[in-house]
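Below: one structure, written as structure tokens.
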Amino acid sequence: MLIRPRLTDYHGIHAAQVDLDFAIPFLDEDIPLYLDPFMLWRSPSQQDQAMHTGLVNAFNHLGLLASQGKEDEAIATLTIASECDEVGLGSSLTRKGKRIGPEKAKEVIALFKAIPQYQQNGFRHFEEIQFFVEGISKDRISDISCNFLKSFLIDFTIDQCEKLGVPTQPCTVEHVYDYRANRFVQEHGVALPVNPENGAPIILVPKRWMRFAPWINYDDYYEKHCPQDEISHKPEDLTRVKVLSYNRHNYGVVEKYIQAKERSFEDCENDPLFSQIPVTSAKRVFGQIKKLPTGKTGGADIKYENLVGRLLPSLLYPKLDFAQEQARTDDGVSIRDLIFYNTRSTPLLQELMDDYASRQITFEMKNVAEIGRIHFDQINRYLTDDLGKFGVFVTRNPLKRAETARAVNLWAGQRKAVITLTDSDLEQMVEVFDSKQRDPIDILNKKYVDFRRECP
């Protein structure tokens with residue numbers, strides 16, 4: 001049983017997120033990123049630029065349909081385009097979204113008539129619709145882009161799966177946009193990976209196109225470019241609805257914002273799924289850890305867990321991809337763990353997989369003066385065949401002699417390995433994180449080597 005399973009981990013493919021061209025999809029929830037069409041526009045790649053042109057042309061074709069009296073067809077097409085479950089991008093905990101309704105689609109289509117610039121020239125960046133229609137935000141922009149680009153994304157997925165050896169099977173894919181017919185069609189027998197939980201096809205997305213929010217977005221516009229005093233002299237009366245209404249009658253303001261975003265395109269970069277904290281922040285976090293007393297007084301245990309939870313994922317990245325923080329209960333005792341995906345990208349990590357079946361690695365945080373028998377009993381029950389038989393205590397002080405012997409006996413009797421990272425070890429990890437001359441995971445490796453030397 002994997003915690004927060006990903007496609008690659010499920011199939012036993014050891015690849016770190018940093019080394020792949022796509023965002024590794026989760027099997028039971030969305031990736032918290034979005035496809036930003038501006039990333040295609042600003043790309044130096046002619047292929048990306050051409051796809052942006054095709055994407056915008058497909059969207060502008062909706063305006064052409066409306067002008068030809070085919071508004072119902074335009075609305076139906078946009079409704080289909082508004083949700084793309086196969087890519088699993090966004091914030092859903094089920095990889096299932098909901099399409100916009102016909103009335104909302106009608107509002108968007110109406111922009112082609114309501115704003116002369118769109119009526120004459122169409123959109124240059126269709127993300128602009130969020131400045132005029134309530135309820136259109138980054139998830140809709142992303143899904144519309146993915147649906148109109150789905151044909152390319154399918155080819156990209158097939159190529160990546162062949163390179164990595166990800167199993168695929170023939171799938172029926174709904175709503176693939178046909179640029180010749182200017183409509184969505186169904187494709188059969190497409191070789192794609194599937195979600196093992198429900199058999200639904202999975203489509204991969206290049207991570208170079210992904211951001212937490214579109215480069216062109218309402219919040220940025222509202223904060224830096226919207227002439228708020230012209231709309232309302234009373235800040236409390238400045239609602240989103242009033243701003244959207246103002247934009248419809250003052251397109252020039254939106255156009256100036258778009259031009260400013262285009263001029264600053266070099267500042268637009270894709271967002272990684274995980275960003276390390278800066279060295280100065282790492283030092284500051286560790287400084288706070290050192291000042292904490294052991295135990296629970298004043299919430300010291302919670303503070304310790306929060307600080308370690310901020311620090312370790314950055315120190316161990318990219319050798320270990322962070323999965324999530326987990327809370328569990330053992331005999332009425334609340335325990336917080338940090339769970340990492342084992343990328344098997346170093347000899348140590350490969351050994352942990354080979355010898356202990358650790359597809360994921362658990363770090364149990366303990367703000368105690370000393371680790372005791374009860375703590376070993378708890379982690380022993382947790383280290384199972386499903387989760388792997390290697391674990392790490394993150395605690396304040398080295399093990400006492402009796403507990404060192406307990407760890408050795410656990411290995412000798414059940415072939416379970418438990419090592420300990422102390423304040424001193426965290427400090428050394430921060431130091432090498434600062435120097436960049438070594439990798440912080442080297443300290444984890446040393447602790448394991450020292451542990452194995454104690455074992456028979």
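Identifiers in the structure tokens: chain A, B, ... in order shown; residue index from 1 per chain; ligand index from 1 in order shown.
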
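Of all the residues in stretch 303-335 of chain A, the ones DSSP labels as strand (DSSP E or B) from the backbone are Leu320, Asp321, Phe322, Ala323, Gln324, Glu325, Gln326, Ala327, Arg328, Thr329, Asp330, Val333, Ser334 and Ile335 of chain A.
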
Report as an mmCIF file with N, CA and C atoms, in the first residue's frame all protein, DNA and RNA residues lying within 7 Å of stretch 335-345 of chain A, evaluated on only C-alpha atoms, omitting residues in the same chain fewer than 6 positions from it.
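Final output, result_5.cif:
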```
data_model
loop_
_atom_site.group_PDB
_atom_site.id
_atom_site.type_symbol
_atom_site.label_atom_id
_atom_site.label_comp_id
_atom_site.auth_asym_id
_atom_site.auth_seq_id
_atom_site.Cartn_x
_atom_site.Cartn_y
_atom_site.Cartn_z
ATOM 1 N N HIS A 14 11.669 3.549 -11.106
ATOM 2 C CA HIS A 14 12.374 4.443 -10.186
ATOM 3 C C HIS A 14 12.930 5.628 -10.964
ATOM 4 N N ALA A 15 12.188 6.692 -10.910
ATOM 5 C CA ALA A 15 12.586 7.922 -11.605
ATOM 6 C C ALA A 15 12.207 9.112 -10.732
ATOM 7 N N ALA A 16 13.160 9.999 -10.515
ATOM 8 C CA ALA A 16 12.883 11.208 -9.741
ATOM 9 C C ALA A 16 12.132 12.205 -10.608
ATOM 10 N N GLY A 309 9.321 19.127 9.292
ATOM 11 C CA GLY A 309 8.540 18.923 8.071
ATOM 12 C C GLY A 309 8.842 19.932 6.991
ATOM 13 N N LYS A 319 17.024 13.720 -4.495
ATOM 14 C CA LYS A 319 17.254 12.276 -4.364
ATOM 15 C C LYS A 319 16.003 11.570 -3.853
ATOM 16 N N LEU A 320 15.267 12.240 -2.963
ATOM 17 C CA LEU A 320 13.991 11.718 -2.486
ATOM 18 C C LEU A 320 12.895 12.724 -2.801
ATOM 19 N N ASP A 321 11.875 12.291 -3.512
ATOM 20 C CA ASP A 321 10.705 13.137 -3.754
ATOM 21 C C ASP A 321 9.778 13.048 -2.549
ATOM 22 N N PHE A 322 9.318 14.187 -2.079
ATOM 23 C CA PHE A 322 8.426 14.230 -0.918
ATOM 24 C C PHE A 322 7.032 13.769 -1.325
ATOM 25 N N ALA A 323 6.464 12.850 -0.564
ATOM 26 C CA ALA A 323 5.110 12.373 -0.843
ATOM 27 C C ALA A 323 4.096 13.186 -0.046
ATOM 28 N N GLN A 324 4.147 13.077 1.280
ATOM 29 C CA GLN A 324 3.256 13.879 2.104
ATOM 30 C C GLN A 324 3.579 13.670 3.577
ATOM 31 N N GLU A 325 3.020 14.542 4.393
ATOM 32 C CA GLU A 325 3.085 14.358 5.835
ATOM 33 C C GLU A 325 1.867 13.552 6.244
ATOM 34 N N GLN A 326 2.092 12.611 7.145
ATOM 35 C CA GLN A 326 1.009 11.708 7.526
ATOM 36 C C GLN A 326 0.832 11.693 9.040
ATOM 37 N N ALA A 327 -0.394 11.730 9.485
ATOM 38 C CA ALA A 327 -0.714 11.581 10.899
ATOM 39 C C ALA A 327 -1.339 10.210 11.101
ATOM 40 N N ARG A 328 -0.869 9.485 12.105
ATOM 41 C CA ARG A 328 -1.438 8.176 12.411
ATOM 42 C C ARG A 328 -1.488 8.008 13.936
ATOM 43 N N THR A 329 -2.202 6.998 14.358
ATOM 44 C CA THR A 329 -2.363 6.748 15.793
ATOM 45 C C THR A 329 -1.958 5.322 16.111
ATOM 46 N N ARG A 359 9.625 0.896 -1.055
ATOM 47 C CA ARG A 359 9.249 1.728 -2.194
ATOM 48 C C ARG A 359 9.022 3.166 -1.742
ATOM 49 N N GLN A 360 8.698 3.305 -0.473
ATOM 50 C CA GLN A 360 8.621 4.617 0.168
ATOM 51 C C GLN A 360 9.393 4.547 1.482
ATOM 52 N N ILE A 361 9.841 5.714 1.960
ATOM 53 C CA ILE A 361 10.659 5.762 3.164
ATOM 54 C C ILE A 361 9.968 6.658 4.184
ATOM 55 N N THR A 362 9.832 6.137 5.396
ATOM 56 C CA THR A 362 9.131 6.835 6.469
ATOM 57 C C THR A 362 10.115 7.435 7.461
ATOM 58 N N PHE A 363 9.949 8.724 7.749
ATOM 59 C CA PHE A 363 10.705 9.421 8.780
ATOM 60 C C PHE A 363 9.729 9.773 9.903
ATOM 61 N N GLU A 364 9.918 9.159 11.074
ATOM 62 C CA GLU A 364 9.028 9.401 12.206
ATOM 63 C C GLU A 364 9.652 10.443 13.122
ATOM 64 N N MET A 365 8.921 11.521 13.374
ATOM 65 C CA MET A 365 9.462 12.655 14.130
ATOM 66 C C MET A 365 9.131 12.526 15.610
#
```

Report task. Write out as an MDAnalysis selection string the residues lying within 10 Å of A:Arg452, counting only C-alpha atoms and excluding same-chain residues fewer than 2 positions away. Result -> chainID A and resid 408 411 417 419 446:450 454:456

Mind dumping the selected residues with C-alpha atoms as a JSON list (two decimals), in the first residue's frame?
```
[["chain", "number", "residue", "atom", "x", "y", "z"],
["A", 408, "VAL", "CA", 20.31, -4.23, 16.14],
["A", 411, "TRP", "CA", 17.40, -6.16, 12.32],
["A", 417, "ALA", "CA", 16.36, -1.44, 9.83],
["A", 419, "ILE", "CA", 18.28, 4.48, 12.02],
["A", 446, "LYS", "CA", 26.65, 7.37, 6.75],
["A", 447, "LYS", "CA", 24.13, 6.72, 9.50],
["A", 448, "TYR", "CA", 22.97, 3.58, 7.72],
["A", 449, "VAL", "CA", 26.56, 2.35, 7.19],
["A", 450, "ASP", "CA", 27.30, 2.94, 10.88],
["A", 454, "GLU", "CA", 26.74, -2.78, 14.50],
["A", 455, "CYS", "CA", 24.67, -5.60, 13.07],
["A", 456, "PRO", "CA", 25.84, -9.25, 13.14]]
```

Requested in this report: Using only C-alpha atoms, pick whichever of A:Trp215, A:Tyr356, A:Phe38, A:Phe156 has the shortest atom-to-atom distance to A:Lys389.
Outcome: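 Residue with the minimum atom-to-atom distance to A:Lys389: A:Tyr356.
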
How would you write, as a PDB file with N, CA and C atoms, in the first residue's frame, the set of residues in stretch 178-229 of chain A that DSSP gives as alpha helix (DSSP H)?
```pdb
ATOM      1  N   TYR A 218      -6.397  36.927 -13.249  1.00  0.00           N
ATOM      2  CA  TYR A 218      -7.236  37.990 -12.699  1.00  0.00           C
ATOM      3  C   TYR A 218      -6.619  38.639 -11.470  1.00  0.00           C
ATOM      4  N   ASP A 219      -6.093  37.841 -10.553  1.00  0.00           N
ATOM      5  CA  ASP A 219      -5.567  38.400  -9.302  1.00  0.00           C
ATOM      6  C   ASP A 219      -4.414  39.366  -9.567  1.00  0.00           C
ATOM      7  N   ASP A 220      -3.550  38.995 -10.486  1.00  0.00           N
ATOM      8  CA  ASP A 220      -2.423  39.861 -10.839  1.00  0.00           C
ATOM      9  C   ASP A 220      -2.934  41.150 -11.484  1.00  0.00           C
ATOM     10  N   TYR A 221      -3.895  41.016 -12.383  1.00  0.00           N
ATOM     11  CA  TYR A 221      -4.489  42.180 -13.041  1.00  0.00           C
ATOM     12  C   TYR A 221      -5.139  43.111 -12.023  1.00  0.00           C
ATOM     13  N   TYR A 222      -5.918  42.538 -11.110  1.00  0.00           N
ATOM     14  CA  TYR A 222      -6.635  43.330 -10.112  1.00  0.00           C
ATOM     15  C   TYR A 222      -5.665  44.099  -9.220  1.00  0.00           C
ATOM     16  N   GLU A 223      -4.579  43.448  -8.828  1.00  0.00           N
ATOM     17  CA  GLU A 223      -3.636  44.051  -7.890  1.00  0.00           C
ATOM     18  C   GLU A 223      -2.778  45.144  -8.526  1.00  0.00           C
ATOM     19  N   LYS A 224      -2.360  44.940  -9.781  1.00  0.00           N
ATOM     20  CA  LYS A 224      -1.337  45.805 -10.353  1.00  0.00           C
ATOM     21  C   LYS A 224      -1.814  46.698 -11.502  1.00  0.00           C
ATOM     22  N   GLN A 228      -8.804  50.849  -9.919  1.00  0.00           N
ATOM     23  CA  GLN A 228      -9.842  50.599  -8.938  1.00  0.00           C
ATOM     24  C   GLN A 228     -10.651  51.848  -8.586  1.00  0.00           C
ATOM     25  N   ASP A 229      -9.985  52.998  -8.533  1.00  0.00           N
ATOM     26  CA  ASP A 229     -10.706  54.220  -8.177  1.00  0.00           C
ATOM     27  C   ASP A 229     -11.739  54.602  -9.226  1.00  0.00           C
TER      28      ASP A 229
END
```

Requested in this report: Fewer than 4 positions away in the same chain doesn't count, so skip those; otherwise give me all residues within 8 Å of stretch 368-381 of chain A, counting only C-alpha atoms, as a VMD selection string.
Outcome: chain A and resid 294 to 295 330 364 391 395 to 400 403 406 to 407 416

Go ahead and save the picked residues with N, CA, C and O atoms, as a short mmCIF file (atom, residue, chain, number, x, y, z; two decimals), in the first residue's frame.
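New file selection_24.cif:
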```cif
data_model
loop_
_atom_site.label_atom_id
_atom_site.label_comp_id
_atom_site.auth_asym_id
_atom_site.auth_seq_id
_atom_site.Cartn_x
_atom_site.Cartn_y
_atom_site.Cartn_z
N THR A 294 12.76 19.65 24.58
CA THR A 294 12.13 18.38 24.27
C THR A 294 10.80 18.28 25.01
O THR A 294 10.53 19.02 25.96
N GLY A 295 9.96 17.37 24.56
CA GLY A 295 8.67 17.19 25.19
C GLY A 295 7.56 17.99 24.55
O GLY A 295 7.70 18.47 23.42
N ASP A 330 -1.16 5.15 17.17
CA ASP A 330 -0.74 3.83 17.62
C ASP A 330 -0.97 3.74 19.12
O ASP A 330 -0.33 4.45 19.90
N GLU A 364 9.92 9.16 11.07
CA GLU A 364 9.03 9.40 12.21
C GLU A 364 9.65 10.44 13.12
O GLU A 364 10.77 10.27 13.62
N GLY A 391 13.05 2.36 8.32
CA GLY A 391 12.48 3.58 8.85
C GLY A 391 13.53 4.44 9.52
O GLY A 391 14.64 3.98 9.83
N THR A 395 14.95 12.69 15.75
CA THR A 395 14.80 13.02 17.15
C THR A 395 15.95 13.90 17.61
O THR A 395 16.80 14.30 16.80
N ARG A 396 16.02 14.20 18.89
CA ARG A 396 16.94 15.22 19.35
C ARG A 396 18.34 14.69 19.68
O ARG A 396 19.34 15.36 19.43
N ASN A 397 18.41 13.49 20.24
CA ASN A 397 19.67 12.98 20.76
C ASN A 397 19.96 11.57 20.26
O ASN A 397 19.05 10.85 19.84
N PRO A 398 21.23 11.15 20.31
CA PRO A 398 21.58 9.78 19.89
C PRO A 398 20.91 8.75 20.78
O PRO A 398 20.51 9.03 21.92
N LEU A 399 20.77 7.53 20.26
CA LEU A 399 20.18 6.44 21.03
C LEU A 399 21.09 6.06 22.19
O LEU A 399 22.32 6.10 22.08
N LYS A 400 20.45 5.70 23.30
CA LYS A 400 21.19 5.11 24.41
C LYS A 400 21.64 3.70 24.01
O LYS A 400 21.15 3.12 23.05
N GLU A 403 18.89 1.08 23.56
CA GLU A 403 18.06 1.23 22.37
C GLU A 403 18.85 0.95 21.10
O GLU A 403 18.28 0.49 20.10
N ARG A 406 18.53 -2.58 20.84
CA ARG A 406 17.18 -2.93 20.39
C ARG A 406 17.07 -2.81 18.88
O ARG A 406 16.44 -3.66 18.22
N ALA A 407 17.67 -1.77 18.31
CA ALA A 407 17.65 -1.59 16.85
C ALA A 407 18.38 -2.73 16.16
O ALA A 407 17.93 -3.25 15.13
N LYS A 416 14.50 -5.76 9.91
CA LYS A 416 13.98 -4.40 9.82
C LYS A 416 15.08 -3.45 10.28
O LYS A 416 15.72 -3.68 11.31
#
```

Report task. Would you mind listing what lies within 12 Å of A:Lys290 as a VMD selection string, with only C-alpha atoms counted and same-chain residues fewer than 5 positions away left out? Result -> chain A and resid 283 to 285 300 303 to 304 307 to 308 367 395 to 397 422 to 427

Write the residues of the preceding selection, restricted to N, CA and C atoms, as a PDB file, in the first residue's frame.
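Everything below was put into result-v6.pdb:
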```
ATOM      1  N   LYS A 283      18.864  27.393   7.331  1.00  0.00           N
ATOM      2  CA  LYS A 283      19.621  27.707   8.544  1.00  0.00           C
ATOM      3  C   LYS A 283      18.703  28.268   9.624  1.00  0.00           C
ATOM      4  N   ARG A 284      17.766  29.111   9.216  1.00  0.00           N
ATOM      5  CA  ARG A 284      16.849  29.726  10.174  1.00  0.00           C
ATOM      6  C   ARG A 284      15.942  28.667  10.811  1.00  0.00           C
ATOM      7  N   VAL A 285      15.443  27.740   9.991  1.00  0.00           N
ATOM      8  CA  VAL A 285      14.578  26.676  10.504  1.00  0.00           C
ATOM      9  C   VAL A 285      15.343  25.807  11.488  1.00  0.00           C
ATOM     10  N   ALA A 300       5.829  22.339  22.095  1.00  0.00           N
ATOM     11  CA  ALA A 300       7.148  22.150  21.486  1.00  0.00           C
ATOM     12  C   ALA A 300       7.161  20.972  20.522  1.00  0.00           C
ATOM     13  N   LYS A 303       5.620  22.150  17.232  1.00  0.00           N
ATOM     14  CA  LYS A 303       6.559  23.062  16.566  1.00  0.00           C
ATOM     15  C   LYS A 303       7.716  22.285  15.946  1.00  0.00           C
ATOM     16  N   TYR A 304       8.223  21.315  16.691  1.00  0.00           N
ATOM     17  CA  TYR A 304       9.331  20.495  16.194  1.00  0.00           C
ATOM     18  C   TYR A 304       8.914  19.754  14.921  1.00  0.00           C
ATOM     19  N   LEU A 307       8.631  22.192  11.963  1.00  0.00           N
ATOM     20  CA  LEU A 307       9.925  22.672  11.483  1.00  0.00           C
ATOM     21  C   LEU A 307      10.686  21.586  10.731  1.00  0.00           C
ATOM     22  N   VAL A 308      10.706  20.384  11.280  1.00  0.00           N
ATOM     23  CA  VAL A 308      11.360  19.267  10.585  1.00  0.00           C
ATOM     24  C   VAL A 308      10.641  18.984   9.266  1.00  0.00           C
ATOM     25  N   ASN A 367      10.040  14.470  19.229  1.00  0.00           N
ATOM     26  CA  ASN A 367      10.683  15.516  20.020  1.00  0.00           C
ATOM     27  C   ASN A 367      10.774  15.065  21.481  1.00  0.00           C
ATOM     28  N   THR A 395      14.947  12.694  15.745  1.00  0.00           N
ATOM     29  CA  THR A 395      14.798  13.023  17.151  1.00  0.00           C
ATOM     30  C   THR A 395      15.955  13.902  17.607  1.00  0.00           C
ATOM     31  N   ARG A 396      16.022  14.198  18.891  1.00  0.00           N
ATOM     32  CA  ARG A 396      16.944  15.222  19.353  1.00  0.00           C
ATOM     33  C   ARG A 396      18.340  14.694  19.677  1.00  0.00           C
ATOM     34  N   ASN A 397      18.409  13.485  20.237  1.00  0.00           N
ATOM     35  CA  ASN A 397      19.673  12.976  20.762  1.00  0.00           C
ATOM     36  C   ASN A 397      19.961  11.569  20.258  1.00  0.00           C
ATOM     37  N   THR A 422      19.698  12.872  14.388  1.00  0.00           N
ATOM     38  CA  THR A 422      19.628  13.741  15.566  1.00  0.00           C
ATOM     39  C   THR A 422      19.800  15.204  15.171  1.00  0.00           C
ATOM     40  N   ASP A 423      19.727  16.075  16.151  1.00  0.00           N
ATOM     41  CA  ASP A 423      19.993  17.499  15.897  1.00  0.00           C
ATOM     42  C   ASP A 423      21.356  17.684  15.233  1.00  0.00           C
ATOM     43  N   SER A 424      22.340  16.934  15.711  1.00  0.00           N
ATOM     44  CA  SER A 424      23.686  17.044  15.152  1.00  0.00           C
ATOM     45  C   SER A 424      23.712  16.640  13.686  1.00  0.00           C
ATOM     46  N   ASP A 425      22.961  15.599  13.338  1.00  0.00           N
ATOM     47  CA  ASP A 425      22.899  15.157  11.944  1.00  0.00           C
ATOM     48  C   ASP A 425      22.194  16.192  11.072  1.00  0.00           C
ATOM     49  N   LEU A 426      21.089  16.757  11.577  1.00  0.00           N
ATOM     50  CA  LEU A 426      20.383  17.793  10.817  1.00  0.00           C
ATOM     51  C   LEU A 426      21.282  18.998  10.586  1.00  0.00           C
ATOM     52  N   GLU A 427      22.052  19.359  11.602  1.00  0.00           N
ATOM     53  CA  GLU A 427      22.972  20.487  11.457  1.00  0.00           C
ATOM     54  C   GLU A 427      23.999  20.213  10.368  1.00  0.00           C
TER      55      GLU A 427
END
```

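Considering the residues A:Ala50, A:Ile136, A:Val333, A:Leu387 and counting only C-alpha atoms, A:Ser358 has its shortest atom-to-atom contact with A:Leu387.
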
Query raised in the report: Which of these, A:Leu421, A:Ile231, A:Gly413, A:Asp159, has the shortest distance to A:Phe393 once you count only C-alpha atoms?
Result: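 For A:Phe393, the nearest of the given residues is A:Leu421.
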
Query raised in the report: Leaving out stretch 85-92 of chain A and any residue of its chain fewer than 6 positions from it, which residues lie within 7 Å of it when counting only C-alpha atoms, given as a PyMOL selection string?
Result: chain A and resi 25+29-34+139+201-205

Requested in this report: May I have the residues within 8 Å of A:Cys84 as an MDAnalysis selection string, using only C-alpha atoms and disregarding those fewer than 4 positions away in the same chain?
Outcome: chainID A and resid 88 97 143:144 146:147

Could you take the residues named above and write them with N, CA and C atoms, as a short mmCIF file (atom, residue, chain, number, x, y, z; two decimals), in the first residue's frame?
```cif
data_model
loop_
_atom_site.label_atom_id
_atom_site.label_comp_id
_atom_site.auth_asym_id
_atom_site.auth_seq_id
_atom_site.Cartn_x
_atom_site.Cartn_y
_atom_site.Cartn_z
N GLY A 88 -5.53 15.05 -15.04
CA GLY A 88 -5.44 15.09 -13.58
C GLY A 88 -4.72 16.31 -13.05
N GLY A 97 -13.54 16.12 -12.35
CA GLY A 97 -14.00 17.49 -12.29
C GLY A 97 -15.41 17.63 -12.83
N ASP A 143 -7.87 23.33 -18.38
CA ASP A 143 -8.62 22.23 -18.99
C ASP A 143 -8.99 22.51 -20.44
N ILE A 144 -9.36 23.74 -20.75
CA ILE A 144 -9.66 24.09 -22.14
C ILE A 144 -8.41 23.88 -22.99
N CYS A 146 -5.85 21.86 -22.37
CA CYS A 146 -5.54 20.44 -22.47
C CYS A 146 -6.44 19.73 -23.48
N ASN A 147 -7.71 20.09 -23.49
CA ASN A 147 -8.63 19.43 -24.42
C ASN A 147 -8.33 19.78 -25.87
#
```

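Each of A:Gln120, A:Asn195, A:Thr172, A:Ser275 was checked against A:Ser67 using only C-alpha atoms; the smallest atom-to-atom distance is that of A:Gln120.
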
Requested in this report: Rounded to one decimal place, report the atom CA of A:Thr8-atom CA of A:Val166 distance in Å.
Outcome: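 The value is 7.2 Å.
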
Requested in this report: For atom CA of A:Lys291 and atom CA of A:Val392, determine how far apart the two atoms are, in Å to one decimal place.
Outcome: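 So the two atoms, atom CA of A:Lys291 and atom CA of A:Val392, lie 22.2 Å apart.
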